[in-house]
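Engineer: Shown below is the structure under consideration.
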Amino acid sequence: MKLALTEEQEMLRETARDFLADKCSKQFVKRMEESEVGYSREFWQDMAELGWIGLAFPGEYGGGDMSFLDLAVLLEEMGRACLPGPFFSTVVLGGISILDIGSEQQKQQYLPSLIRGEKIFTLALTEPGHDNYDASSVTVKAARDDGNYTISGTKLFVPDAHIADDLLCVARTKPKGGITIFLVDAKGPGIKYTVLKTMAGDKLCEVVFDQVPVPRANILGRLSQGWSTVQKIIERAAVGKCCELIGNIQRVFEMTVDYAKERKQFDRPIGSFQVIQHYCADMATDVDAARFSTYQAAWMLSEGLPCTKEVAVAKAWVGEASKRVFALAHQIHGAIGVTIEHDLHYYTRRAKAAELSFGDADFYREVLAKEMGF
Amino acid sequence: MKLALTEEQEMLRETARDFLADKCSKQFVKRMEESEVGYSREFWQDMAELGWIGLAFPGEYGGGDMSFLDLAVLLEEMGRACLPGPFFSTVVLGGISILDIGSEQQKQQYLPSLIRGEKIFTLALTEPGHDNYDASSVTVKAARDDGNYTISGTKLFVPDAHIADDLLCVARTKPKGGITIFLVDAKGPGIKYTVLKTMAGDKLCEVVFDQVPVPRANILGRLSQGWSTVQKIIERAAVGKCCELIGNIQRVFEMTVDYAKERKQFDRPIGSFQVIQHYCADMATDVDAARFSTYQAAWMLSEGLPCTKEVAVAKAWVGEASKRVFALAHQIHGAIGVTIEHDLHYYTRRAKAAELSFGDADFYREVLAKEMGF
Amino acid sequence: MDFSFTEEQNRFRKEVRGFLEEEIKRGYWEPTCDAWVQGFDPGFTERVAKRGWIGLTWPKEYGGQDRSHIDRLILTEEMLRYGAPAACHWFGDRQVGGAILSFGSEELKNEFLPRIVKGEAYFGLGMSEPGTGSDLASLQTRAVEDGDYYVINGQKTWTSCASFSEYFDVYVRTDPEAPRHRGISEFIVDAKSPGVSRIPMIDITGTEAWNDVFFDNVRVHKRYLVGEKNRGFYQVLHQLDYERSGMERLMGNYPLFDAIMQFAKENELSKDPVIRSKLAQLQIEFEVGRLLVYRVALVMEEGRAPNWESAMSKAYSTEFEKHVAGVAMEVLGPYGQLKVGSKYIRLRGMALHSYLGSKGYSLQAGTTEILKNILATRRLGLPSS
Amino acid sequence: MDFSFTEEQNRFRKEVRGFLEEEIKRGYWEPTCDAWVQGFDPGFTERVAKRGWIGLTWPKEYGGQDRSHIDRLILTEEMLRYGAPAACHWFGDRQVGGAILSFGSEELKNEFLPRIVKGEAYFGLGMSEPGTGSDLASLQTRAVEDGDYYVINGQKTWTSCASFSEYFDVYVRTDPEAPRHRGISEFIVDAKSPGVSRIPMIDITGTEAWNDVFFDNVRVHKRYLVGEKNRGFYQVLHQLDYERSGMERLMGNYPLFDAIMQFAKENELSKDPVIRSKLAQLQIEFEVGRLLVYRVALVMEEGRAPNWESAMSKAYSTEFEKHVAGVAMEVLGPYGQLKVGSKYIRLRGMALHSYLGSKGYSLQAGTTEILKNILATRRLGLPSS
């Protein structure tokens with residue numbers, strides 16, 4: 001058992017932190033939030049060149065041959081920097097899913113251009129309604145049509161769909177239980193996008209499929225037996241969100257402690273008040289616990305071990321911990337923290353979005369309860 | 001709207017507090033906890049003579065013609081003193097139920113001797129199992145037998161049954177929905193008691209009815225339509241327990257603030273540490289809020305207004321508030337508070353028992369949800 | 001003890017509701033969270049004033065109605081229940097008028113109270129400064145005597161409603177040599193005075209929630225000194241107790257509270273036992289908080305200024321409001337993150353607005369930490385830390 | 001990063017489990033909450049010692065096994081999982097042995113360490129006094145030099161395991177003139193020494209949880225001074241970090257945690273979504289806490305003394321244990337209040353015992369408040385308040 005990063009990971013972290021500090025200023029984040037497209041092509045190419053997009057892919061597809069755990073380190077830094085853009089969609093939702101379940105031919109076809117930064121991917125999973133991440137909530141239909149398929153229906157909260165080249169679309173191929181993942185050309189006919197306006201300024205879209213033809217060869221994984229694969233994608237995504245979240249809360253925790261040391265009231269730093277000290281101590285505990293539980297799940301994913309339980313523990317804990325951390329961070333920062341003149345709001349908004357994504361604490365308590373045999 | 005007691009109530013409170021301070025020492029409480037019988041005949045007679053037992057009953061039965069709200073004041077003081085014995089069982093569960101739904105003949109028959117302190121009553125409602133306070137959980141059966149009834153089955157957690165003269169027994173007279181309350185001679189044939197050993201040292205009993213004959217005249221209220229009456233009894237009992245609880249937590253709050261002022265560590269009173277101050281502030285808020293919500297429900301009961309919602313609010317709030325208050329009280333008292341050398345444990349044990357009685361917070365959140373139309 | 005309202009009070013409540021429902025029916029405005037502080041609607045204020053509902057508790061000689069504090073609480077409770085846009089007159093009605101009434105000269109009372117009552121004088125507060133958050137006594141804005149005038153220089157911040165304010169109630173240092181608490185005075189400053197300027201500040205919800213207000217050699221006549229010179233700190237403490245005392249701390253986001261309950265019902269989310277339990281818990285907390293706020297009004301009704309009682313109700317209530325916003329976001333799930341103007345928006349974006357805005361609820365008008373300090377020392381007599 | 005155990009570690013865990021399961025199967029004892037501190041079973045301690053499981057991390061020259069701190073944590077984790085009666089040797093193994101190892105003379109090491117390892121020397125702690133709770137440096141028990149001896153007078157309290165203790169690790173004032181932190185020394189005192197007496201104290205659960213220990217002119221030879229004279233306060237801080245560092249803070253009531261989960265399943269209470277959610281939440285908190293405790297062992301494995309890391313894990317863990325007890329009481333409903341010996345008792349009364357006992361969990365070995373102070377100052381570098 002080791003809870004420290006390897007030297008290589010530390011280096012990765014440092015490089016990432018430096019690069020993002022340089023290129024991903026809050027001004028940049030703000031610009032991206034306000035822009036319709038939501039990312040910078042140039043920045044995207046930089047990340048491809050740094051090897052970040054391909055980091056966790058095998059060398060044979062042009063990747064960096066590193067692990068999901070290494071990717072976790074990078075995601076944490078991205079969370080710390082509030083990085084906008086389609087990295088998560090392309091890599092965690094798209095690329096790694098293809099790597100995991102795609103045929104050799106599909107991998108050859110999709111991964112190298114993805115890794116080179118030429119293609120943006122995303123996952124079209126959830127739909128209008130209130131029960132997400134449950135097979136029964138998938139109503140978008142892929143009808144068999146002369147050996148191929150035709151997809152119709154509406155997906156909602158699809159990240160970065162408006163800029164994606166390819167979509168992994170989760171669709172129903174049988175009335176009961178028949179879930180299939182399709183690789184869909186995102187620019188093809190019959191697909192319409194509406195970018196929603198969101199708290200975090202990330203680009204979540206409504207995607208309407210109107211009789212979209214998809215060749216049979218674009219089935220990713222097994223026909224009508226895709227739900228267990230979707231669950232694995234959700235697990236990875238949940239852990240990925242945890243990584244971003246620990247980057248968020250780690251930074252906010254540091255900002256808050258610094259502020260408590262600097263800000264004076266009643267002729268003393270507010271960090272000398274016992275109540276503020278205990279708030280900070282509580283934040284420290286939440287942050288460390290969030291980090292350990294996240295990395296435990298990431299490590300298990302990385303090792304290919306079954307980890308439904310550990311993922312549930314991580315996402316449920318990190319979501320709740322994040323709420324507590326932000327409540328205290330705001331309380332300590334006082335009024336300046338609820339203005340846009342201070343950076344805190346970037347984190348507050350993004351962390352809330354991440355907390356809601358891929359299952360909140362209630363969702364994972366239920367997942368865990370099932371795992372416990374309840 | 002008035003949140004203060006009337007002068008008369010203040011006098012009642014003062015008299016009660018003085019009397020209980022004098023007669024109901026913690027040594028006395030301890031003795032009663034340890035004794036099998038659990039109360040003192042002499043003390044009981046004193047309370048009858050003070051008019052406490054009859055306080056909320058009409059003068060025509062020998063009562064004091066005061067209201068349920070006045071009784072609430074007395075119950076609070078009893079909670080403050082950790083009063084042992086069958087007052088609650090006899091008055092709140094027994095007598096007032098008879099007053100509420102008994103026939104004139106039943107009132108004439110039972111109330112005067114109850115009020116004189118000659119008879120002890122209680123309510124046999126709950127049974128082994130985990131769903132209490134729900135009509136469907138009543139399995140004790142009253143079988144029709146030649147115009148009269150024969151009761152069989154087991155009741156559990158019946159307070160003071162071992163010393164009761166009469167029991168209000170809630171029994172099933174029809175397989176579905178048919179709940180009836182019977183007045184049962186507690187000393188009659190076929191009834192067996194086992195006093196359970198409880199945390200609070202109160203006397204909760206298993207009561208086994210083995211073919212206990214009960215005359216038809218002993219039906220209290222309406223045959224097979226008793227559940228709504230039982231619900232009213234539960235509501236009154238819940239509010240009564242809230243009154244005891246606010247007596248508990250008010251006293252514990254005062255003890256704790258006093259201790260925080262006196263106890264020195266690091267050469268200063270611990271009450272000068274900001275964290276301890278905030279703990280005390282939180283306790284003050286919980287105690288005041290508990291008092292207001294309890295008295296609101298008691299006032300509504302007293303006025304004969306429907307108050308399912310207010311009772312639910314009170315019992316749910318007071319139960320949770322009590323948990324928080326005791327957590328902080330113990331934290332501030334430190335080690336001495338978890339010994340039997342300090343009085344705190346009497347309150348800790350009793351408050352927990354009261355919190356569990358007649359519905360906990362989860363139970364009343366569900367009651368309230370139904371009231372809200374959910 | 002008596003938890004009922006008199007028939008007259010019930011009638012008054014009904015009257016207020018009738019008025020507000022009619023307003024909504026006519027499409028004058030729609031229920032909005034934080035409308036008491038962010039809903040600027042001079043027309044609404046005018047209509048409210050016409051009914052005599054501003055300065056309700058003030059003496060008739062200054063245009064008030066001499067009504068009880070319970071009546072006023074009923075009025076504001078209903079305003080908040082319907083999310084009415086009462087920001088123009090709220091500060092004058094709630095606290096500045098009261099401060100003038102308690103400490104001001106006869107001249108000041110006659111100049112301002114009748115105008116506030118008529119909805120013709122909108123007030124903003126000039127308390128906080130960049131360096132003084134909770135530590136109000138450390139304020140640096142200076143006023144120097146110059147003949148019949150004072151000349152004010154400095155900066156105030158976190159001034160709510162400042163864009164609309166016609167006057168500011170400003171606390172300034174008039175004796176820099178005195179101990180910090182004893183050199184502060186209170187002035188009424190006309191916002192149109194030369195040298196007054198405002199810069200809006202955008203909050204986390206994207207709202208122009210506050211202004212920085214700058215005073216550059218602003219000349220104020222001595223008659224606009226409120227109360228005694230150098231006694232301003234004691235006056236501001238008094239005023240803060242009023243600022244904390246009202247139902248707006250519990251019901252600022254009531255439109256959301258109401259809407260999420262309806263939404264859960266209509267979408268059958270309230271059948272989910274976990275959500276059900278959370279919503280019932282909110283209802284419990286609301287009912288309890290309401291009693292704590294009514295207690296404050298009863299204290300005022302006894303002729304006492306609200307003190308630790310308003311510290312308690314405010315600290316409690318803002319936690320409740322934060323809880324409402326948090327639960328609403330959980331119930332809405334991903335829909336909660338949508339902003340006004342987005343497709344698929346739910347509850348007109350109130351959950352998100354309130355969720356983000358609620359981060360400041362427990363900071364305004366005394367942080368929860370300050371309020372708990374007050375409870376510990378003023379109510380419980382614990383020694384200062 | 002690596003969250004796995006080595007094969008050797010897994011084997012060791014299996015070995016410990018096998019041993020404990022065999023013990024239970026033979027009916028030697030049954031799993032009990034708080035058995036690490038209240039389960040006195042000399043036979044068990046002897047059998048554990050025979051396996052070489054006391055002083056596991058100590059150097060071989062003193063009878064130890066020179067094994068890793070992770071191994072020791074695996075050992076104690078399993079002991080706690082099975083609620084094993086390890087109280088006789090726990091204090092010697094956990095901290096007094098370590099203190100002797102870190103600060104004691106060669107003579108002391110040779111006298112005590114091999115005997116602790118053999119399960120032949122049971123230790124109790126003499127730290128707290130009636131006036132010194134969190135403020136340990138204010139202790140009053142005196143030791144006065146008298147030739148080759150020290151003469152000790154005073155009273156210690158909250159001494160766990162004292163009835164069974166053969167030795168006490170006692171902190172006393174040896175220089176009353178020095179600043180309070182600099183006049184304290186540590187001694188090993190034979191409990192059979194003339195002048196040592198004990199009075200049991202009953203806790204809220206009815207257990208004899210502690211003793212007052214009195215020292216009336218107790219003569220202790222100088223060779224029983226541990227470490228340097230007057231450096232005792234620094235030594236006790238070091239020892240406290242060990243006292244807080246272990247899995248016993250998270251798993252003291254694990255038998256209840258385990259039992260309530262089983263009970264909820266068997267009685268289908270786990271089908272109730274509200275209970276289900278509470279129990280899942282407990283599981284989450286347990287898993288997270290376990291990682292915080294393992295982190296402390298990893299710190300020790302690096303050769304560092306546990307510091308704020310054990311403050312963090314202890315503060316977290318005792319809240320978890322209180323939470324377990326509270327939820328268990330809620331799940332059991334009225335059955336939770338039944339005492340051992342009562343008809344209808346559930347889970348052998350563990351919930352009640354733990355519920356009442358848990359009130360002390362966050363007080364022992366540093367209150368949560370002190371631990372958070374430590375975190376704030378030692379880890380975060382916040383200025384002292």
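Labels used: A, B, ... for chains in the order of the structure tokens, numbers from 1 for residues in each chain, and numbers from 1 for ligands as shown.
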Considering only C-alpha atoms, give me a table of residues in chain A that are at most 6 Å from chain C, with the closest atom pair and distance in Å for each, as JSON lines.

Structural biologist:
```
{"residue": "A:Leu196", "atom": "CA", "partner": "C:Ser342", "partner_atom": "CA", "distance": 5.4}
{"residue": "A:Lys197", "atom": "CA", "partner": "C:Ser342", "partner_atom": "CA", "distance": 4.9}
{"residue": "A:Thr198", "atom": "CA", "partner": "C:Leu338", "partner_atom": "CA", "distance": 4.5}
{"residue": "A:Met199", "atom": "CA", "partner": "C:Gln337", "partner_atom": "CA", "distance": 5.1}
{"residue": "A:Gln265", "atom": "CA", "partner": "C:Asp135", "partner_atom": "CA", "distance": 5.6}
{"residue": "A:Phe266", "atom": "CA", "partner": "C:Asp135", "partner_atom": "CA", "distance": 5.7}
{"residue": "A:Val338", "atom": "CA", "partner": "C:Ile204", "partner_atom": "CA", "distance": 5.2}
{"residue": "A:Thr339", "atom": "CA", "partner": "C:Asp203", "partner_atom": "CA", "distance": 4.0}
{"residue": "A:Ile340", "atom": "CA", "partner": "C:Asp203", "partner_atom": "CA", "distance": 5.6}
```

Engineer: Residues of chain C were defined as contacting chain D if any atom lay at most 9 Å from it, counting only C-alpha atoms; please report them as a list in words.

Structural biologist: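 The selection requested is Asp272, Pro273, Val274 and Ser277 of chain C.
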
Engineer: Where does chain B meet chain A within 8 Å, residue by residue, with the nearest atom pair and distance in Å to one decimal for each, counting only C-alpha atoms, listed by chain and rising number, as a tab-separated table?

Structural biologist:
```
residue	atom	partner	partner_atom	distance
B:Phe273	CA	A:Gln274	CA	7.3
B:Gln274	CA	A:Gln274	CA	5.8
B:Val275	CA	A:Val275	CA	5.3
```

Engineer: DSSP on the backbone, alpha helix (DSSP H) only: what residues of region 123-271 of chain A does that give? Format it as a compact mmCIF listing (two decimals) with N, CA and C atoms, in the first residue's frame.

Structural biologist:
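Once everything was written out, this is selection.txt:
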```
# COMPACT_ATOMS: atom_id res chain seq x y z
N TRP A 227 -25.52 -2.59 -21.85
CA TRP A 227 -25.70 -1.83 -20.61
C TRP A 227 -24.56 -2.01 -19.61
N SER A 228 -24.04 -3.23 -19.53
CA SER A 228 -22.95 -3.43 -18.57
C SER A 228 -21.74 -2.61 -19.00
N THR A 229 -21.57 -2.45 -20.30
CA THR A 229 -20.49 -1.60 -20.79
C THR A 229 -20.76 -0.13 -20.45
N VAL A 230 -22.03 0.26 -20.61
CA VAL A 230 -22.38 1.64 -20.25
C VAL A 230 -22.09 1.87 -18.77
N GLN A 231 -22.41 0.88 -17.97
CA GLN A 231 -22.12 1.02 -16.53
C GLN A 231 -20.63 1.23 -16.28
N LYS A 232 -19.82 0.51 -17.02
CA LYS A 232 -18.37 0.71 -16.86
C LYS A 232 -17.97 2.12 -17.29
N ILE A 233 -18.60 2.60 -18.36
CA ILE A 233 -18.30 3.97 -18.81
C ILE A 233 -18.71 4.96 -17.72
N ILE A 234 -19.88 4.71 -17.13
CA ILE A 234 -20.36 5.61 -16.06
C ILE A 234 -19.40 5.56 -14.88
N GLU A 235 -18.94 4.38 -14.54
CA GLU A 235 -17.99 4.27 -13.43
C GLU A 235 -16.72 5.07 -13.70
N ARG A 236 -16.19 4.89 -14.90
CA ARG A 236 -14.97 5.65 -15.23
C ARG A 236 -15.23 7.14 -15.21
N ALA A 237 -16.38 7.52 -15.76
CA ALA A 237 -16.71 8.94 -15.80
C ALA A 237 -16.88 9.49 -14.38
N ALA A 238 -17.51 8.71 -13.53
CA ALA A 238 -17.71 9.16 -12.15
C ALA A 238 -16.37 9.37 -11.46
N VAL A 239 -15.46 8.43 -11.70
CA VAL A 239 -14.13 8.59 -11.09
C VAL A 239 -13.40 9.78 -11.70
N GLY A 240 -13.55 9.94 -13.01
CA GLY A 240 -12.96 11.10 -13.66
C GLY A 240 -13.48 12.40 -13.07
N LYS A 241 -14.78 12.45 -12.82
CA LYS A 241 -15.37 13.65 -12.19
C LYS A 241 -14.82 13.83 -10.78
N CYS A 242 -14.63 12.73 -10.08
CA CYS A 242 -14.02 12.82 -8.74
C CYS A 242 -12.63 13.44 -8.83
N CYS A 243 -11.88 13.04 -9.84
CA CYS A 243 -10.53 13.60 -10.00
C CYS A 243 -10.60 15.10 -10.22
N GLU A 244 -11.49 15.53 -11.10
CA GLU A 244 -11.64 16.97 -11.31
C GLU A 244 -12.05 17.65 -10.01
N LEU A 245 -12.97 16.99 -9.30
CA LEU A 245 -13.46 17.58 -8.06
C LEU A 245 -12.37 17.73 -7.01
N ILE A 246 -11.51 16.72 -6.90
CA ILE A 246 -10.46 16.87 -5.88
C ILE A 246 -9.47 17.96 -6.30
N GLY A 247 -9.30 18.13 -7.61
CA GLY A 247 -8.51 19.28 -8.06
C GLY A 247 -9.17 20.59 -7.65
N ASN A 248 -10.48 20.65 -7.86
CA ASN A 248 -11.25 21.83 -7.41
C ASN A 248 -11.07 22.10 -5.94
N ILE A 249 -11.38 21.11 -5.13
CA ILE A 249 -11.47 21.39 -3.69
C ILE A 249 -10.09 21.54 -3.06
N GLN A 250 -9.11 20.86 -3.63
CA GLN A 250 -7.75 21.05 -3.12
C GLN A 250 -7.34 22.52 -3.30
N ARG A 251 -7.61 23.05 -4.48
CA ARG A 251 -7.23 24.43 -4.74
C ARG A 251 -8.02 25.41 -3.87
N VAL A 252 -9.30 25.14 -3.74
CA VAL A 252 -10.15 26.02 -2.95
C VAL A 252 -9.74 25.97 -1.47
N PHE A 253 -9.41 24.80 -1.03
CA PHE A 253 -8.92 24.64 0.34
C PHE A 253 -7.65 25.48 0.55
N GLU A 254 -6.73 25.40 -0.38
CA GLU A 254 -5.49 26.17 -0.25
C GLU A 254 -5.77 27.68 -0.27
N MET A 255 -6.62 28.08 -1.22
CA MET A 255 -6.99 29.50 -1.30
C MET A 255 -7.58 29.99 0.02
N THR A 256 -8.39 29.13 0.59
CA THR A 256 -9.12 29.53 1.80
C THR A 256 -8.18 29.64 2.99
N VAL A 257 -7.29 28.69 3.13
CA VAL A 257 -6.34 28.76 4.24
C VAL A 257 -5.44 29.99 4.08
N ASP A 258 -5.02 30.24 2.84
CA ASP A 258 -4.20 31.43 2.60
C ASP A 258 -4.98 32.69 2.98
N TYR A 259 -6.22 32.72 2.57
CA TYR A 259 -7.04 33.89 2.87
C TYR A 259 -7.20 34.06 4.38
N ALA A 260 -7.39 32.96 5.06
CA ALA A 260 -7.56 33.01 6.53
C ALA A 260 -6.30 33.53 7.21
N LYS A 261 -5.17 33.29 6.58
CA LYS A 261 -3.92 33.79 7.17
C LYS A 261 -3.73 35.28 6.91
N GLU A 262 -4.21 35.72 5.74
CA GLU A 262 -3.96 37.11 5.34
C GLU A 262 -5.01 38.09 5.84
```

Engineer: Can you pull out every residue within 7 Å of region 314-320 of chain D, counting only C-alpha atoms, but drop anything in the same chain fewer than 2 positions away, and send it as a ChimeraX atom specification?

Structural biologist: /D:244-245,249-250,285,289,310-312,322-324,361-362,368,371

Engineer: Counting only C-alpha atoms, what is within 10 Å of Glu248 (chain C), bar same-chain residues fewer than 3 positions away, as a ChimeraX atom specification?

Structural biologist: /C:34-37,73,76-77,79-81,243-245,251-254,293,314,317-318

Engineer: Could you dump the residues just selected with N, CA, C and O atoms as a compact mmCIF listing (two decimals), in the first residue's frame?

Structural biologist:
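Final output, saved to result.txt:
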```
# COMPACT_ATOMS: atom_id res chain seq x y z
N ASP C 34 -35.29 36.57 -3.62
CA ASP C 34 -34.48 37.76 -3.29
C ASP C 34 -35.08 39.05 -3.81
O ASP C 34 -34.38 40.07 -3.90
N ALA C 35 -36.37 39.03 -4.13
CA ALA C 35 -36.99 40.24 -4.70
C ALA C 35 -37.04 41.37 -3.69
O ALA C 35 -37.12 42.54 -4.07
N TRP C 36 -36.99 41.03 -2.41
CA TRP C 36 -37.00 42.11 -1.41
C TRP C 36 -35.75 42.96 -1.50
O TRP C 36 -35.76 44.13 -1.12
N VAL C 37 -34.68 42.39 -2.03
CA VAL C 37 -33.43 43.16 -2.10
C VAL C 37 -32.99 43.40 -3.53
O VAL C 37 -32.17 44.27 -3.79
N LEU C 73 -44.95 42.11 10.48
CA LEU C 73 -44.39 40.81 10.12
C LEU C 73 -45.33 40.06 9.19
O LEU C 73 -44.89 39.40 8.24
N THR C 76 -44.77 41.63 5.76
CA THR C 76 -43.53 41.24 5.07
C THR C 76 -43.54 39.74 4.77
O THR C 76 -43.03 39.31 3.73
N GLU C 77 -44.12 38.95 5.64
CA GLU C 77 -44.21 37.51 5.38
C GLU C 77 -44.94 37.26 4.06
O GLU C 77 -44.50 36.45 3.24
N MET C 79 -45.40 39.45 1.59
CA MET C 79 -44.59 39.99 0.49
C MET C 79 -43.55 38.96 0.05
O MET C 79 -43.31 38.75 -1.14
N LEU C 80 -42.93 38.32 1.03
CA LEU C 80 -41.88 37.35 0.73
C LEU C 80 -42.47 36.07 0.17
O LEU C 80 -41.90 35.44 -0.72
N ARG C 81 -43.63 35.68 0.69
CA ARG C 81 -44.27 34.47 0.19
C ARG C 81 -44.54 34.60 -1.31
O ARG C 81 -44.35 33.65 -2.06
N GLU C 243 -31.95 44.89 11.15
CA GLU C 243 -31.60 44.36 9.83
C GLU C 243 -31.67 42.83 9.82
O GLU C 243 -31.95 42.21 8.81
N ARG C 244 -31.40 42.24 10.97
CA ARG C 244 -31.37 40.78 11.07
C ARG C 244 -32.70 40.16 11.45
O ARG C 244 -32.84 38.95 11.46
N SER C 245 -33.63 41.03 11.82
CA SER C 245 -34.76 40.51 12.58
C SER C 245 -35.90 39.96 11.74
O SER C 245 -36.77 39.28 12.25
N MET C 251 -37.38 33.69 4.41
CA MET C 251 -38.24 33.53 3.23
C MET C 251 -37.72 34.25 2.01
O MET C 251 -38.45 34.46 1.05
N GLY C 252 -36.44 34.61 2.03
CA GLY C 252 -35.87 35.28 0.87
C GLY C 252 -36.02 34.43 -0.39
O GLY C 252 -36.25 34.95 -1.47
N ASN C 253 -35.87 33.11 -0.22
CA ASN C 253 -36.06 32.25 -1.40
C ASN C 253 -37.31 31.40 -1.28
O ASN C 253 -37.37 30.29 -1.79
N TYR C 254 -38.33 31.93 -0.63
CA TYR C 254 -39.57 31.18 -0.48
C TYR C 254 -40.20 30.78 -1.82
O TYR C 254 -40.72 29.67 -1.95
N VAL C 293 -38.68 33.64 14.12
CA VAL C 293 -38.80 35.00 13.61
C VAL C 293 -39.97 35.73 14.28
O VAL C 293 -39.85 36.89 14.65
N LYS C 314 -31.74 34.91 12.68
CA LYS C 314 -31.03 35.12 11.42
C LYS C 314 -30.05 33.98 11.14
O LYS C 314 -29.98 33.46 10.04
N SER C 317 -32.08 30.98 10.21
CA SER C 317 -32.85 31.10 8.97
C SER C 317 -31.98 31.03 7.73
O SER C 317 -32.37 30.42 6.73
N THR C 318 -30.82 31.64 7.76
CA THR C 318 -30.01 31.61 6.54
C THR C 318 -29.49 30.19 6.29
O THR C 318 -29.31 29.80 5.15
```

Engineer: So the first atom is CA of Ala72 (chain A) and the second is CA of Thr294 (chain A); what is the distance between them in Å, to one decimal place?

Structural biologist: 8.9 Å

Engineer: Taking 3 positions as the minimum chain separation for residues in the same chain, which residues sit within 8 Å of Gln296 (chain A) when counting only C-alpha atoms? Answer as JSON, numbers by chain.

Structural biologist: {"A": [292, 293, 299, 300, 310], "D": [2, 3]}

Engineer: Quick one: DSSP strand (DSSP E or B) residues in region 44-284 of chain B, as a PyMOL selection string?

Structural biologist: chain B and resi 121-124+141-145+148-159+166-174+178-185+191-195+198+204-214+219-220+225+264-265+268-269
